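Notes for the one structure printed next.
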Amino acid sequence: MAAPCEPPADPQFHTPASPTPGALACAERLCRERGVRLTPLRRRVLEQIWRTHGVVKAYDLIQRLSSAERPVKPPTVYRTLDFLLAQGLIHRIESLNGYVACVRPGQAHDTLLVVCRRCGAVMELEDTGMARTLRHEAARHGFRLDRQVVEGSGLCARCQAD
């Protein structure tokens with residue numbers, strides 16, 4: 001198993017951060033070890049997601065990455081997002097149809113996310129048994145899970161204090 005990468009964002013909340021050379025190098029290393037390429041477009045999309053506070057949507061990425069001379073087409077961005085998801089570098093926020101950086105890239109883990117409904121902050125939580133319980137209950141009923149994403153919605157500490 002590949003050594004994990006240090007995330008480019010505050011692991012507590014997905015806050016604006018400039019991707020560090022170390023984070024980019026680690027993402028490239030993970031891809032190389034898996035026999036896939038972090039192409040220039042994949043890298044640019046990943047950097048945009050890292051720089052975004054909270055959730056970024058595909059059409060926001062298309063707008064940010066396009067220029068008058070070189071428009072970026074939706075299928076290209078969606079294929080890129082699918083690649084980054086498959087490599088564990090980002091997570092999809094199902095309820096918001098958007099994406100955030102993974103704070104533990106390179107580590108196999110279940111996705112447990114909480115989203116502030118007021119400011120949009122996203123926090124990735126450590127699994128404390130919820131995912132194991134979900135797998136167990138699914139198996140008990142004859143269902144085998146391929147992947148699981150657990151999302152919660154509420155108010156972050158900052159918004160509760162306001």
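In the structure tokens, each chain is lettered A, B, ... as it comes, each chain's residues begin at 1, and ligands are numbered from 1 in order of appearance.
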
> Leaving out A:Val36 and any residue of its chain fewer than 5 positions from it, which residues lie within 10 Å of it when counting only C-alpha atoms, given as a VMD selection string?
Replying inline: chain A and resid 28 to 31 83 87

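Considering only C-alpha atoms, the residue among A:Val77, A:Ala138, A:Ala86, A:Val149 positioned nearest to A:Asp110 is A:Val149.
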
>> Residues within 12 Å of A:Gly98, please, as a PyMOL selection string. Count only C-alpha atoms; anything in the same chain fewer than 5 positions from it doesn't count.
In response: chain A and resi 49+52-61+78+81+85+90-93+115+120+122

>> Using only C-alpha atoms, can you tell me which of A:Leu134, A:Ala27, A:Cys116, A:Cys102 comes closest to A:Gln160?
In response: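 Under the stated criterion, the closest residue is A:Cys116.
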
>> Considering only C-alpha atoms, can you say which of A:Ala68, A:Cys159, A:Ala101, A:Leu113 comes closest to A:Gln48?
In response: A:Ala101

>> Using DSSP assignments from the backbone, pull out every residue in stretch 107-157 of chain A that falls under strand (DSSP E) and give it to me as a ChimeraX atom specification.
In response: /A:111-116,122-124,149-154

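In this structure, atom CA of A:Cys156 sits 20.4 Å away from atom CA of A:Met130.
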
>> So that I can see what lies close to A:Pro40, please list as number ranges by chain the residues with an atom at most 12 Å from it, counting only C-alpha atoms and leaving out residues fewer than 4 positions away in the same chain.
In response: A: 24, 28, 44-47, 65, 80

Same residues, N, CA and C atoms, output as a short mmCIF file (atom, residue, chain, number, x, y, z; two decimals), in the first residue's frame:
data_model
loop_
_atom_site.label_atom_id
_atom_site.label_comp_id
_atom_site.auth_asym_id
_atom_site.auth_seq_id
_atom_site.Cartn_x
_atom_site.Cartn_y
_atom_site.Cartn_z
N LEU A 24 1.39 18.09 -4.22
CA LEU A 24 1.33 17.75 -5.64
C LEU A 24 2.24 16.58 -5.98
N GLU A 28 1.11 12.93 -7.48
CA GLU A 28 1.77 12.35 -8.65
C GLU A 28 2.37 10.99 -8.32
N ARG A 44 -4.61 20.37 -12.78
CA ARG A 44 -5.29 21.66 -12.65
C ARG A 44 -6.62 21.54 -11.93
N VAL A 45 -7.38 20.49 -12.26
CA VAL A 45 -8.67 20.28 -11.58
C VAL A 45 -8.43 20.01 -10.10
N LEU A 46 -7.46 19.15 -9.79
CA LEU A 46 -7.15 18.85 -8.40
C LEU A 46 -6.72 20.12 -7.65
N GLU A 47 -5.89 20.94 -8.27
CA GLU A 47 -5.47 22.19 -7.64
C GLU A 47 -6.65 23.11 -7.37
N LEU A 65 -11.59 26.82 -15.42
CA LEU A 65 -10.53 26.26 -16.24
C LEU A 65 -10.59 26.70 -17.70
N THR A 80 -12.40 13.71 -15.72
CA THR A 80 -11.31 14.04 -14.81
C THR A 80 -11.73 13.85 -13.36
#
